[in-house]
Amino acid sequence: MTVDFLDAASNRVERRTAHAFVAANGTARVRVGLSGPGAAARVDHCLAGLHATAG
């Protein structure tokens, strides 16, 4: 999964990815961390990717 972390003006602060196994028609909760507290202080909201790849 890919998540864009955005500032208040919707500019990308960071793009991070995480991997998880999800069974067919299943769901999973995934934690996606930032590179550090400096980046976290700039984030206002995030946008998760709508699609995942099979693999």
# chains A, B, ... in the order shown; residues from 1 in each chain; ligands from 1
>>> select_by_dssp(residues="chain A", states="alpha helix (DSSP H)", output="ChimeraX atom specification")
/A:37-42
>>> residues_around(residues="Met1 of chain A", least_positions_apart="2", cutoff="10 Å", atoms="only C-alpha atoms", output="ChimeraX atom specification")
/A:3,16-20,30,32,48-53
>>> write_last_selection(atoms="N, CA and C atoms", output="compact mmCIF listing (two decimals), in the first residue's frame")
# COMPACT_ATOMS: atom_id res chain seq x y z
N VAL A 3 0.98 5.42 0.74
CA VAL A 3 0.29 6.52 1.42
C VAL A 3 1.08 7.79 1.15
N ARG A 16 5.17 7.03 1.43
CA ARG A 16 5.70 5.84 2.08
C ARG A 16 4.88 4.62 1.65
N THR A 17 5.50 3.46 1.72
CA THR A 17 4.81 2.23 1.37
C THR A 17 4.96 1.22 2.50
N ALA A 18 4.01 0.29 2.55
CA ALA A 18 4.05 -0.81 3.50
C ALA A 18 3.48 -2.03 2.81
N HIS A 19 3.88 -3.20 3.27
CA HIS A 19 3.43 -4.45 2.67
C HIS A 19 2.71 -5.30 3.72
N ALA A 20 1.64 -5.95 3.28
CA ALA A 20 0.90 -6.86 4.16
C ALA A 20 0.21 -7.91 3.31
N VAL A 30 -2.84 -1.60 8.39
CA VAL A 30 -1.40 -1.47 8.18
C VAL A 30 -0.94 -0.14 8.74
N VAL A 32 1.79 2.73 8.63
CA VAL A 32 2.79 3.27 7.71
C VAL A 32 3.46 4.44 8.42
N ALA A 48 -4.44 7.56 1.18
CA ALA A 48 -4.02 6.18 0.93
C ALA A 48 -4.36 5.80 -0.50
N GLY A 49 -3.48 4.99 -1.12
CA GLY A 49 -3.75 4.48 -2.45
C GLY A 49 -5.00 3.61 -2.46
N LEU A 50 -5.73 3.65 -3.56
CA LEU A 50 -6.99 2.90 -3.65
C LEU A 50 -6.79 1.46 -4.11
N HIS A 51 -5.63 1.15 -4.66
CA HIS A 51 -5.41 -0.18 -5.21
C HIS A 51 -4.15 -0.80 -4.64
N ALA A 52 -4.18 -2.09 -4.52
CA ALA A 52 -3.00 -2.85 -4.12
C ALA A 52 -2.67 -3.84 -5.22
N THR A 53 -1.43 -4.24 -5.28
CA THR A 53 -1.02 -5.19 -6.31
C THR A 53 -1.02 -6.60 -5.76
>>> select_by_dssp(residues="chain A", states="strand (DSSP E)", output="PyMOL selection string")
chain A and resi 2-6+12-17+45-48
>>> atom_distance(atom1="atom CA of Asp4 of chain A", atom2="atom CA of Arg31 of chain A")
13.1 Å
>>> residues_around(residues="Leu6 of chain A", least_positions_apart="2", cutoff="10 Å", atoms="only C-alpha atoms", output="NGL selection string")
:A and (3-4 or 8-15 or 39-40 or 42-47)
